[in-house]
Amino acid sequence: IQHVYTLGGVTAQPGETIYARMQENELPARRLYLWNARANPQVTVIYKVTNDSELPLAEGIVRAYQHDLFLGSDFIELTPIGSEGSVTVGNLQNVRVNRSESQTRIEGPSERDDLHEVALTLENFGDEAVEIEVVDFYQPNAVEFAFEDEPAREGDNILRWVVTVDSGETKEIRYSFKD
């Protein structure tokens, strides 16, 4: 048990389910746009919420509102006091994304004779520039990378770029590798 919340008295009929609000707080949050290029054909909107309340946030359903407008709901993990939790509220509608990959067989003496060329395209139809974190995964046996824009390389074969796409513009991230 991480924390015991005091609920107070409730009345329920047999077989009835009771939903209780554990706490209601205005918490600071920063908005993050994330495109998982290999897994998702849209940009996801995530709010990173800092728990500056006096209680840990229990895992469960969180509903996010901005100016009394419902943004969405998500399951949030246990978020201790002072730490940050993630709430996914939907997809970014003003940006169209596409991942394409071509594979070409290269004849030669090497065992690694397939060339993969990847293009990640982001097109902003909105009125404002947006900063998007782009994540792509590569095969474990990939070698000889060539990048137009160098990504941050992370564990589990993850490549990460942070790109700004101005209003009405298209950005393209290109890279290649052999396997």
# chains A, B, ... in the order shown; residues from 1 in each chain; ligands from 1
>>> residues_around(residues="Gly72 (chain A)", least_positions_apart="5", cutoff="7 Å", atoms="only C-alpha atoms", output="list in words")
Arg63, Ala64, Val89 and Gly90 of chain A
>>> write_last_selection(atoms="C-alpha atoms", output="PDB file, in the first residue's frame")
ATOM      1  CA  ARG A  63      -9.896  13.813 -16.299  1.00  0.00           C
ATOM      2  CA  ALA A  64      -8.175  16.884 -17.712  1.00  0.00           C
ATOM      3  CA  VAL A  89      -5.598  13.576 -23.935  1.00  0.00           C
ATOM      4  CA  GLY A  90      -5.855  12.831 -27.646  1.00  0.00           C
TER       5      GLY A  90
END
>>> residues_around(residues="region 21-30 of chain A", least_positions_apart="2", cutoff="9 Å", atoms="only C-alpha atoms", output="ChimeraX atom specification")
/A:5-7,19,32,46-53,55,57-58,84
>>> select_by_dssp(residues="chain A", states="strand (DSSP E or B)", output="PyMOL selection string")
chain A and resi 29-36+44-50+57+60-66+69-76+79+84-91+95-105+114-124+130-137+143-147+152-154+158-165+170-178
>>> closest_atom_pairs(of="region 78-126 of chain A", to="region 156-174 of chain A", cutoff="7 Å", atoms="only C-alpha atoms", output="CSV")
residue,atom,partner,partner_atom,distance
A:Val118,CA,A:Arg174,CA,5.7
A:Ala119,CA,A:Arg174,CA,4.6
A:Leu120,CA,A:Ile173,CA,5.0
A:Thr121,CA,A:Glu172,CA,4.5
A:Leu122,CA,A:Lys171,CA,5.2
A:Glu123,CA,A:Thr170,CA,4.2
A:Asn124,CA,A:Gly168,CA,5.3
A:Phe125,CA,A:Gly168,CA,5.2
A:Gly126,CA,A:Ser167,CA,5.6
>>> write_last_selection(atoms="C-alpha atoms", output="short mmCIF file (atom, residue, chain, number, x, y, z; two decimals), in the first residue's frame")
data_model
loop_
_atom_site.label_atom_id
_atom_site.label_comp_id
_atom_site.auth_asym_id
_atom_site.auth_seq_id
_atom_site.Cartn_x
_atom_site.Cartn_y
_atom_site.Cartn_z
CA VAL A 118 13.48 6.35 -43.98
CA ALA A 119 11.55 9.62 -44.41
CA LEU A 120 9.53 11.10 -41.55
CA THR A 121 7.27 13.91 -42.80
CA LEU A 122 5.41 16.42 -40.61
CA GLU A 123 3.03 18.99 -42.15
CA ASN A 124 1.51 21.79 -40.01
CA PHE A 125 -1.92 23.05 -41.13
CA GLY A 126 -2.42 25.13 -37.98
#
>>> closest_residue(among="A:Val45, A:Ile132, A:Ile76, A:Ala146", to="Lys178 (chain A)", atoms="only C-alpha atoms")
A:Ala146
>>> closest_residue(among="A:Pro14, A:Gln103, A:Thr44, A:Asp114", to="Asn141 (chain A)", atoms="only C-alpha atoms")
A:Asp114
>>> residues_around(residues="Asp74 (chain A)", least_positions_apart="4", cutoff="6 Å", atoms="only C-alpha atoms", output="MDAnalysis selection string")
chainID A and resid 61:62 87:88
